file model_5.txt (compact mmCIF, C-alpha atoms and all ligand atoms)
# COMPACT_ATOMS: atom_id res chain seq x y z
CA MET G 116 0.00 0.00 0.00
CA ARG G 117 2.86 2.41 0.86
CA THR G 118 5.38 2.72 -1.98
CA PRO G 119 8.87 2.28 -0.54
CA ILE G 120 11.21 5.23 -0.90
CA ILE G 121 14.99 5.10 -0.99
CA ALA G 122 16.75 8.46 -0.76
CA GLY G 123 20.47 9.04 -1.12
CA ASN G 124 21.79 11.81 1.11
CA TRP G 125 25.02 12.76 -0.59
CA LYS G 126 25.87 15.22 2.23
CA MET G 127 28.88 17.45 1.38
CA ASN G 128 30.28 15.20 -1.34
CA LYS G 129 30.77 15.64 -5.10
CA THR G 130 31.26 18.79 -7.18
CA ALA G 131 28.59 19.66 -9.73
CA ALA G 132 30.56 17.91 -12.47
CA ALA G 133 31.13 14.79 -10.37
CA ALA G 134 27.51 14.75 -9.18
CA ALA G 135 26.13 14.95 -12.74
CA GLU G 136 28.57 12.30 -13.91
CA PHE G 137 27.52 9.95 -11.11
CA ALA G 138 23.81 10.59 -11.72
CA ASN G 139 24.31 9.84 -15.41
CA GLU G 140 26.24 6.68 -14.58
CA ILE G 141 23.50 5.10 -12.48
CA LYS G 142 20.25 6.72 -13.60
CA GLU G 143 19.24 4.22 -16.26
CA ALA G 144 19.72 1.19 -14.06
CA LEU G 145 17.74 2.91 -11.29
CA ASN G 146 15.01 3.97 -13.69
CA ASP G 147 14.41 0.31 -14.53
CA ILE G 148 13.63 -0.65 -10.90
CA ALA G 149 9.87 -0.73 -10.38
CA GLY G 150 7.93 -0.49 -7.14
CA VAL G 151 10.15 2.00 -5.35
CA ASP G 152 10.52 5.78 -5.30
CA ILE G 153 14.13 6.92 -5.64
CA VAL G 154 15.54 10.31 -4.64
CA PHE G 155 18.97 11.92 -4.94
CA CYS G 156 19.75 14.62 -2.37
CA PRO G 157 22.97 16.24 -3.62
CA PRO G 158 24.72 19.34 -2.26
CA ALA G 159 22.72 22.51 -2.95
CA LEU G 160 24.99 23.97 -5.60
CA THR G 161 24.95 20.71 -7.57
CA ILE G 162 21.14 20.37 -7.57
CA PRO G 163 20.54 21.98 -11.00
CA ALA G 164 23.14 19.73 -12.64
CA VAL G 165 21.71 16.60 -11.01
CA ALA G 166 18.12 17.62 -11.83
CA ALA G 167 19.13 18.05 -15.48
CA ALA G 168 20.86 14.66 -15.46
CA VAL G 169 17.82 12.79 -14.11
CA ALA G 170 15.19 14.67 -16.13
CA GLY G 171 12.91 12.17 -17.85
CA THR G 172 13.65 9.40 -15.34
CA LYS G 173 11.67 8.36 -12.28
CA ILE G 174 14.42 9.67 -9.99
CA GLY G 175 13.40 12.59 -7.79
CA VAL G 176 15.67 15.31 -6.48
CA GLY G 177 15.81 16.61 -2.93
CA ALA G 178 17.70 19.33 -1.08
CA GLN G 179 19.45 18.62 2.22
CA ASN G 180 18.08 21.69 3.99
CA MET G 181 16.01 24.82 3.43
CA HIS G 182 15.08 27.99 5.34
CA TYR G 183 11.52 28.45 6.56
CA GLU G 184 11.24 32.10 5.55
CA GLU G 185 10.19 33.00 2.01
CA SER G 186 13.12 35.37 1.45
CA GLY G 187 15.18 37.94 3.30
CA ALA G 188 18.39 38.64 5.18
CA TYR G 189 19.48 35.06 5.93
CA THR G 190 23.03 34.87 4.65
CA GLY G 191 23.96 31.50 3.23
CA GLU G 192 20.43 30.09 3.24
CA LEU G 193 18.08 28.89 0.49
CA ALA G 194 14.34 29.50 0.26
CA ALA G 195 11.71 26.99 -0.85
CA ASN G 196 11.00 28.77 -4.13
CA MET G 197 14.68 28.47 -5.06
CA LEU G 198 14.39 24.70 -4.70
CA THR G 199 11.05 24.04 -6.38
CA PRO G 200 12.27 24.44 -9.99
CA PHE G 201 14.61 21.49 -9.38
CA CYS G 202 13.43 19.55 -6.32
CA GLN G 203 10.40 17.55 -5.21
CA TYR G 204 11.81 16.71 -1.78
CA VAL G 205 13.77 18.35 1.03
CA ILE G 206 15.50 16.68 3.97
CA LEU G 207 14.66 18.57 7.16
CA GLY G 208 16.11 18.23 10.64
CA HIS G 209 18.93 15.83 9.81
CA SER G 210 20.87 15.05 12.98
CA GLU G 211 24.00 16.65 11.50
CA ARG G 212 22.03 19.88 10.99
CA ARG G 213 20.72 19.64 14.54
CA GLU G 214 24.15 18.87 16.01
CA TYR G 215 26.46 21.15 14.02
CA PHE G 216 24.17 23.94 12.87
CA GLY G 217 21.86 24.45 15.84
CA GLU G 218 18.62 23.25 14.27
CA THR G 219 15.78 23.03 16.74
CA ASP G 220 12.49 21.17 16.79
CA GLU G 221 10.73 24.54 16.41
CA GLY G 222 12.76 25.41 13.32
CA VAL G 223 12.13 21.99 11.81
CA ASN G 224 8.39 22.44 12.42
CA LYS G 225 8.43 25.80 10.60
CA LYS G 226 10.44 24.33 7.73
CA ILE G 227 7.98 21.46 7.29
CA LYS G 228 5.11 23.95 7.00
CA THR G 229 6.98 26.05 4.44
CA ALA G 230 8.02 23.00 2.42
CA LEU G 231 4.45 21.71 2.26
CA ALA G 232 3.13 25.15 1.30
CA HIS G 233 5.48 25.00 -1.71
CA GLY G 234 4.58 21.44 -2.67
CA LEU G 235 7.89 19.97 -1.52
CA THR G 236 7.79 16.62 0.26
CA PRO G 237 9.71 16.91 3.55
CA ILE G 238 11.90 14.00 4.63
CA VAL G 239 11.78 14.70 8.35
CA CYS G 240 14.66 13.20 10.33
CA VAL G 241 14.42 12.04 13.94
CA GLY G 242 16.60 9.82 16.07
CA GLU G 243 18.26 9.43 19.43
CA SER G 244 21.91 9.68 20.48
CA LEU G 245 23.90 6.77 21.87
CA THR G 246 23.62 8.22 25.39
CA GLN G 247 19.86 8.49 25.11
CA ASN G 248 19.67 5.01 23.66
CA GLU G 249 21.73 3.51 26.47
CA ALA G 250 19.69 5.41 29.07
CA GLY G 251 16.47 3.86 27.73
CA GLU G 252 15.21 7.22 26.51
CA THR G 253 14.74 6.33 22.85
CA HIS G 254 10.95 6.12 22.93
CA SER G 255 10.35 9.32 24.87
CA PHE G 256 12.94 11.34 22.95
CA VAL G 257 11.96 10.22 19.45
CA SER G 258 8.27 10.50 20.24
CA GLY G 259 8.93 14.05 21.45
CA GLN G 260 10.79 14.92 18.25
CA VAL G 261 7.91 13.60 16.13
CA THR G 262 5.35 15.49 18.20
CA ALA G 263 7.30 18.76 17.93
CA ALA G 264 8.04 18.36 14.22
CA PHE G 265 4.39 17.96 13.27
CA ALA G 266 2.82 20.41 15.74
CA GLY G 267 0.02 22.39 14.16
CA LEU G 268 -0.13 20.34 10.96
CA THR G 269 -3.27 18.73 9.61
CA ALA G 270 -3.51 14.96 9.27
CA ALA G 271 -3.67 15.41 5.49
CA ASP G 272 -0.36 17.29 5.53
CA VAL G 273 1.30 14.73 7.77
CA ALA G 274 0.27 11.94 5.40
CA LEU G 275 2.25 13.68 2.63
CA CYS G 276 5.48 13.68 4.63
CA VAL G 277 8.24 11.11 4.76
CA ILE G 278 9.89 10.47 8.12
CA ALA G 279 13.40 9.07 8.49
CA TYR G 280 14.21 7.38 11.78
CA GLU G 281 17.99 7.60 12.09
CA PRO G 282 19.59 6.58 15.38
CA ILE G 283 22.54 8.98 15.57
CA TRP G 284 24.85 6.25 16.78
CA ALA G 285 24.25 4.34 13.54
CA ILE G 286 24.97 7.20 11.13
CA GLY G 287 28.24 6.80 9.27
CA THR G 288 29.55 4.41 11.91
CA GLY G 289 28.99 1.07 10.23
CA LYS G 290 27.03 0.18 13.40
CA SER G 291 23.54 -0.18 11.97
CA ALA G 292 20.55 -0.79 14.20
CA SER G 293 19.25 -4.33 13.85
CA ALA G 294 16.25 -4.65 11.57
CA GLU G 295 14.14 -5.79 14.52
CA GLN G 296 15.25 -2.84 16.68
CA ALA G 297 14.63 -0.35 13.89
CA GLY G 298 11.32 -1.96 12.96
CA ALA G 299 10.09 -1.82 16.54
CA ILE G 300 10.98 1.84 17.07
CA ILE G 301 9.63 2.85 13.69
CA GLY G 302 6.40 0.94 14.31
CA GLN G 303 5.74 1.63 17.97
CA THR G 304 7.41 4.97 18.49
CA VAL G 305 7.34 6.83 15.17
CA ARG G 306 4.18 5.43 13.57
CA GLY G 307 2.63 5.01 17.02
CA THR G 308 3.12 8.69 17.83
CA ILE G 309 1.62 9.72 14.48
CA ALA G 310 -1.35 7.43 15.22
CA ASN G 311 -1.87 8.99 18.65
CA LEU G 312 -1.69 12.51 17.29
CA PHE G 313 -3.34 12.23 13.88
CA GLY G 314 -5.20 8.92 13.87
CA ALA G 315 -4.58 5.41 12.62
CA ALA G 316 -5.52 6.17 9.01
CA THR G 317 -2.85 8.88 8.75
CA ALA G 318 -0.30 6.67 10.48
CA ALA G 319 -1.02 3.96 7.92
CA LEU G 320 -0.29 6.37 5.05
CA VAL G 321 2.92 8.07 6.19
CA ARG G 322 6.12 6.56 4.85
CA ILE G 323 8.88 5.96 7.39
CA GLN G 324 12.45 5.22 6.42
CA TYR G 325 15.30 3.75 8.40
CA GLY G 326 18.66 5.53 8.21
CA GLY G 327 22.09 4.73 9.62
CA SER G 328 24.71 2.61 7.85
CA ALA G 329 22.11 1.12 5.51
CA ASN G 330 23.79 -0.61 2.59
CA GLU G 331 23.20 -3.08 -0.21
CA LYS G 332 23.81 -6.01 2.14
CA ASN G 333 21.45 -5.11 4.98
CA ILE G 334 18.65 -3.25 3.15
CA ALA G 335 16.58 -6.39 2.49
CA ASP G 336 16.45 -7.11 6.23
CA TYR G 337 15.07 -3.65 6.97
CA MET G 338 12.53 -3.92 4.17
CA GLN G 339 11.18 -7.14 5.68
CA GLN G 340 9.97 -5.15 8.66
CA PRO G 341 6.35 -4.22 7.95
CA ASP G 342 6.68 -0.68 9.30
CA ILE G 343 9.88 0.22 7.41
CA ASP G 344 9.15 1.82 4.05
CA GLY G 345 12.64 2.43 2.75
CA ALA G 346 15.86 4.08 3.77
CA LEU G 347 17.72 7.36 3.91
CA VAL G 348 21.18 6.34 2.81
CA GLY G 349 24.39 8.32 3.32
CA GLY G 350 27.72 6.65 2.55
CA ALA G 351 26.25 3.82 0.49
CA SER G 352 24.48 6.30 -1.81
CA LEU G 353 27.77 7.71 -3.13
CA LYS G 354 28.84 4.65 -5.08
CA ALA G 355 27.43 2.77 -8.07
CA THR G 356 26.49 -0.05 -5.68
CA PHE G 357 23.55 2.20 -4.74
CA VAL G 358 21.81 0.52 -7.69
CA GLN G 359 22.24 -2.84 -5.98
CA LEU G 360 20.92 -1.36 -2.75
CA VAL G 361 17.74 -0.15 -4.45
CA GLN G 362 17.34 -3.48 -6.25
CA ASN G 363 17.72 -5.38 -2.99
CA ALA G 364 15.09 -3.15 -1.37
CA VAL G 365 12.37 -4.42 -3.67
CA VAL G 366 13.09 -8.13 -3.98
P1 LIG S 401 24.93 6.74 6.60
O1 LIG S 401 24.14 8.15 6.72
O2 LIG S 401 24.12 5.87 5.68
O3 LIG S 401 26.25 7.11 6.03
O4 LIG S 401 25.01 6.17 7.96
C1 LIG S 401 22.74 8.17 6.82
C2 LIG S 401 22.27 9.60 6.96
O5 LIG S 401 22.92 10.39 7.65
O6 LIG S 401 21.22 9.97 6.39

call {"tool": "encode", "arguments": {"input": "model_5.txt", "output": "structure tokens"}}
result
Amino acid sequence: MRTPIIAGNWKMNKTAAAAAEFANEIKEALNDIAGVDIVFCPPALTIPAVAAAVAGTKIGVGAQNMHYEESGAYTGELAANMLTPFCQYVILGHSERREYFGETDEGVNKKIKTALAHGLTPIVCVGESLTQNEAGETHSFVSGQVTAAFAGLTAADVALCVIAYEPIWAIGTGKSASAEQAGAIIGQTVRGTIANLFGAATAALVRIQYGGSANEKNIADYMQQPDIDGALVGGASLKATFVQLVQNAVV
């Protein structure tokens, strides 16, 4: 019922030339994979080149961040209407943005509203730190992040969003959460919180990804979990083996 979605978060990797070359290298093989939505999220300055490369394919393009204001004196930032000519998606509240760039739940909430107002699909990131995980705080913390992110939204708007559950301790560490662990938190905590706040029907519609050292070898395990609808992939989205990852997500 929910179409799986695999998004590659390229983070701060690849120049425009390298990004377009990589997109061209893998786009046809990805375009042939049915039953899954595929998104490239390249660095902001490379977005036009990547969007041009994937034009005419099923591959969507997403930004890695966006400001919530429409325009103004926000040095270094990008507004939604600068993204919409090229992008259908935008990653919001990634843990690296929260940790290194001071993003708050309130800011993420405003960004989600702005993205939706411009027809962009937000990929909203949540996830606990290792300390919180070890202290048994995962459920309360992640549930709180979900509640804050979607405050003031309608159920219809929430259903349009994608959520990525990314335990911070699993990002870029090679220490992925087990499929059972991730499936349980995504089902009970993330989808459960959406159900409590917006109803079971909305919770059944919203797509929730796992993120954190997902790769072509472990993706099939995650996809077997009924509540996991895909992955937000960092390191493993930078190589041609990303095609294999997407293939393994749908078998
Ligand atoms: P990773 O990154 O796959 O390299 O762990 C995931 C992410 O940060 O979205």

call {"tool": "closest_residue", "arguments": {"input": "model_5.txt", "among": "G:Glu281, G:Asp147, G:Glu218, G:Asp152", "to": "Ile300 in chain G", "atoms": "all atoms listed in the file"}}
result
G:Glu281

call {"tool": "residues_near_point", "arguments": {"input": "model_5.txt", "point": "(22.4, 4.4, 4.3)", "cutoff": "12 Å", "atoms": "all atoms listed in the file", "output": "JSON, numbers by chain"}}
result
{"G": [121, 122, 123, 124, 125, 126, 279, 280, 281, 282, 285, 286, 287, 288, 289, 290, 291, 292, 324, 325, 326, 327, 328, 329, 330, 331, 332, 333, 334, 337, 345, 346, 347, 348, 349, 350, 351, 352, 353, 354, 356, 357, 360, 361, 364]}

call {"tool": "closest_residue", "arguments": {"input": "model_5.txt", "among": "G:Pro157, G:Gly251, G:Gly259, G:Gly267", "to": "ligand LIG 401 (chain S)", "atoms": "only C-alpha atoms and all ligand atoms"}}
result
G:Pro157

call {"tool": "residues_around", "arguments": {"input": "model_5.txt", "residues": "Gly234 in chain G", "least_positions_apart": "4", "cutoff": "12 Å", "atoms": "all atoms listed in the file", "output": "PDB file with C-alpha atoms, in the frame of the given file"}}
result
ATOM      1  CA  ALA G 195      11.710  26.990  -0.850  1.00  0.00           C
ATOM      2  CA  ASN G 196      11.000  28.770  -4.130  1.00  0.00           C
ATOM      3  CA  LEU G 198      14.390  24.700  -4.700  1.00  0.00           C
ATOM      4  CA  THR G 199      11.050  24.040  -6.380  1.00  0.00           C
ATOM      5  CA  PRO G 200      12.270  24.440  -9.990  1.00  0.00           C
ATOM      6  CA  CYS G 202      13.430  19.550  -6.320  1.00  0.00           C
ATOM      7  CA  GLN G 203      10.400  17.550  -5.210  1.00  0.00           C
ATOM      8  CA  TYR G 204      11.810  16.710  -1.780  1.00  0.00           C
ATOM      9  CA  VAL G 205      13.770  18.350   1.030  1.00  0.00           C
ATOM     10  CA  ILE G 227       7.980  21.460   7.290  1.00  0.00           C
ATOM     11  CA  LYS G 228       5.110  23.950   7.000  1.00  0.00           C
ATOM     12  CA  THR G 229       6.980  26.050   4.440  1.00  0.00           C
ATOM     13  CA  ALA G 230       8.020  23.000   2.420  1.00  0.00           C
ATOM     14  CA  ASP G 272      -0.360  17.290   5.530  1.00  0.00           C
ATOM     15  CA  LEU G 275       2.250  13.680   2.630  1.00  0.00           C
ATOM     16  CA  CYS G 276       5.480  13.680   4.630  1.00  0.00           C
TER      17      CYS G 276
END

call {"tool": "residues_near_point", "arguments": {"input": "model_5.txt", "point": "(21.6, 14.4, 9.3)", "cutoff": "9 Å", "atoms": "only C-alpha atoms", "output": "MDAnalysis selection string"}}
result
chainID G and resid 124 126 179 206:214 240:241 281 283 286 349

call {"tool": "closest_residue", "arguments": {"input": "model_5.txt", "among": "G:Asp336, G:Lys226, G:Val239, G:Thr130", "to": "ligand LIG 401 (chain S)", "atoms": "all atoms listed in the file"}}
result
G:Val239

call {"tool": "closest_residue", "arguments": {"input": "model_5.txt", "among": "G:Gly242, G:Val321, G:Arg117, G:Ala164", "to": "ligand LIG 401 (chain S)", "atoms": "all atoms listed in the file"}}
result
G:Gly242

call {"tool": "closest_residue", "arguments": {"input": "model_5.txt", "among": "G:Cys156, G:Val176, G:Ala355, G:Met116", "to": "ligand LIG 401 (chain S)", "atoms": "all atoms listed in the file"}}
result
G:Cys156

call {"tool": "atom_distance", "arguments": {"input": "model_5.txt", "atom1": "CA of Ala144 in chain G", "atom2": "atom O4 of ligand LIG 401 (chain S)"}}
result
23.2 Å

call {"tool": "atom_distance", "arguments": {"input": "model_5.txt", "atom1": "CA of Pro341 in chain G", "atom2": "CA of His254 in chain G"}}
result
18.8 Å

call {"tool": "closest_residue", "arguments": {"input": "model_5.txt", "among": "G:Phe216, G:Trp284, G:Phe201, G:Phe256", "to": "ligand LIG 401 (chain S)", "atoms": "only C-alpha atoms and all ligand atoms"}}
result
G:Trp284

call {"tool": "atom_distance", "arguments": {"input": "model_5.txt", "atom1": "CA of Ala270 in chain G", "atom2": "CA of Phe313 in chain G"}}
result
5.4 Å

call {"tool": "axis_aligned_box", "arguments": {"input": "model_5.txt", "around": "ligand LIG 401 (chain S)", "padding_each_side": "5 Å", "output": "AutoDock Vina command-line options"}}
result
--center_x 23.7 --center_y 8.1 --center_z 6.8 --size_x 15.0 --size_y 14.5 --size_z 12.3

call {"tool": "build_atoms", "arguments": {"input": "model_5.txt", "residues": "range 164-175 of chain G", "atoms": "all heavy atoms", "output": "CSV table (one decimal), in the frame of the given file"}}
result
chain,number,residue,atom,x,y,z
G,164,ALA,N,22.5,20.7,-11.8
G,164,ALA,CA,23.1,19.7,-12.6
G,164,ALA,C,22.6,18.3,-12.5
G,164,ALA,O,22.4,17.6,-13.5
G,164,ALA,CB,24.6,19.7,-12.3
G,165,VAL,N,22.3,17.9,-11.2
G,165,VAL,CA,21.7,16.6,-11.0
G,165,VAL,C,20.3,16.5,-11.5
G,165,VAL,O,19.9,15.5,-12.1
G,165,VAL,CB,21.8,16.2,-9.5
G,165,VAL,CG1,21.0,15.0,-9.2
G,165,VAL,CG2,23.3,16.1,-9.1
G,166,ALA,N,19.5,17.6,-11.3
G,166,ALA,CA,18.1,17.6,-11.8
G,166,ALA,C,18.1,17.5,-13.3
G,166,ALA,O,17.3,16.8,-13.9
G,166,ALA,CB,17.4,18.9,-11.4
G,167,ALA,N,19.1,18.2,-14.0
G,167,ALA,CA,19.1,18.0,-15.5
G,167,ALA,C,19.5,16.6,-15.9
G,167,ALA,O,19.0,16.1,-16.8
G,167,ALA,CB,20.2,19.1,-16.0
G,168,ALA,N,20.4,16.0,-15.1
G,168,ALA,CA,20.9,14.7,-15.5
G,168,ALA,C,19.7,13.7,-15.3
G,168,ALA,O,19.6,12.7,-16.1
G,168,ALA,CB,22.0,14.3,-14.6
G,169,VAL,N,18.9,13.8,-14.3
G,169,VAL,CA,17.8,12.8,-14.1
G,169,VAL,C,16.5,13.2,-14.8
G,169,VAL,O,15.5,12.4,-14.6
G,169,VAL,CB,17.6,12.5,-12.6
G,169,VAL,CG1,18.9,12.0,-12.0
G,169,VAL,CG2,17.0,13.7,-11.9
G,170,ALA,N,16.4,14.3,-15.5
G,170,ALA,CA,15.2,14.7,-16.1
G,170,ALA,C,14.7,13.5,-17.0
G,170,ALA,O,15.5,12.9,-17.7
G,170,ALA,CB,15.4,15.9,-16.9
G,171,GLY,N,13.4,13.2,-17.0
G,171,GLY,CA,12.9,12.2,-17.8
G,171,GLY,C,13.0,10.8,-17.2
G,171,GLY,O,12.6,9.8,-17.9
G,172,THR,N,13.6,10.7,-16.1
G,172,THR,CA,13.6,9.4,-15.3
G,172,THR,C,12.7,9.5,-14.2
G,172,THR,O,12.1,10.5,-13.9
G,172,THR,CB,15.1,9.1,-14.8
G,172,THR,OG1,15.3,9.9,-13.6
G,172,THR,CG2,16.1,9.3,-15.8
G,173,LYS,N,12.5,8.4,-13.5
G,173,LYS,CA,11.7,8.4,-12.3
G,173,LYS,C,12.4,8.9,-11.0
G,173,LYS,O,11.8,9.0,-10.0
G,173,LYS,CB,11.2,6.9,-12.0
G,173,LYS,CG,12.3,6.0,-11.6
G,173,LYS,CD,11.8,4.6,-11.3
G,173,LYS,CE,11.3,4.5,-9.9
G,173,LYS,NZ,10.8,3.1,-9.6
G,174,ILE,N,13.7,9.3,-11.2
G,174,ILE,CA,14.4,9.7,-10.0
G,174,ILE,C,14.0,11.1,-9.6
G,174,ILE,O,14.1,12.0,-10.4
G,174,ILE,CB,15.9,9.6,-10.3
G,174,ILE,CG1,16.3,8.1,-10.7
G,174,ILE,CG2,16.8,10.0,-9.1
G,174,ILE,CD1,17.7,8.0,-11.3
G,175,GLY,N,13.7,11.3,-8.3
G,175,GLY,CA,13.4,12.6,-7.8
G,175,GLY,C,14.6,13.2,-7.2
G,175,GLY,O,15.7,12.6,-7.0
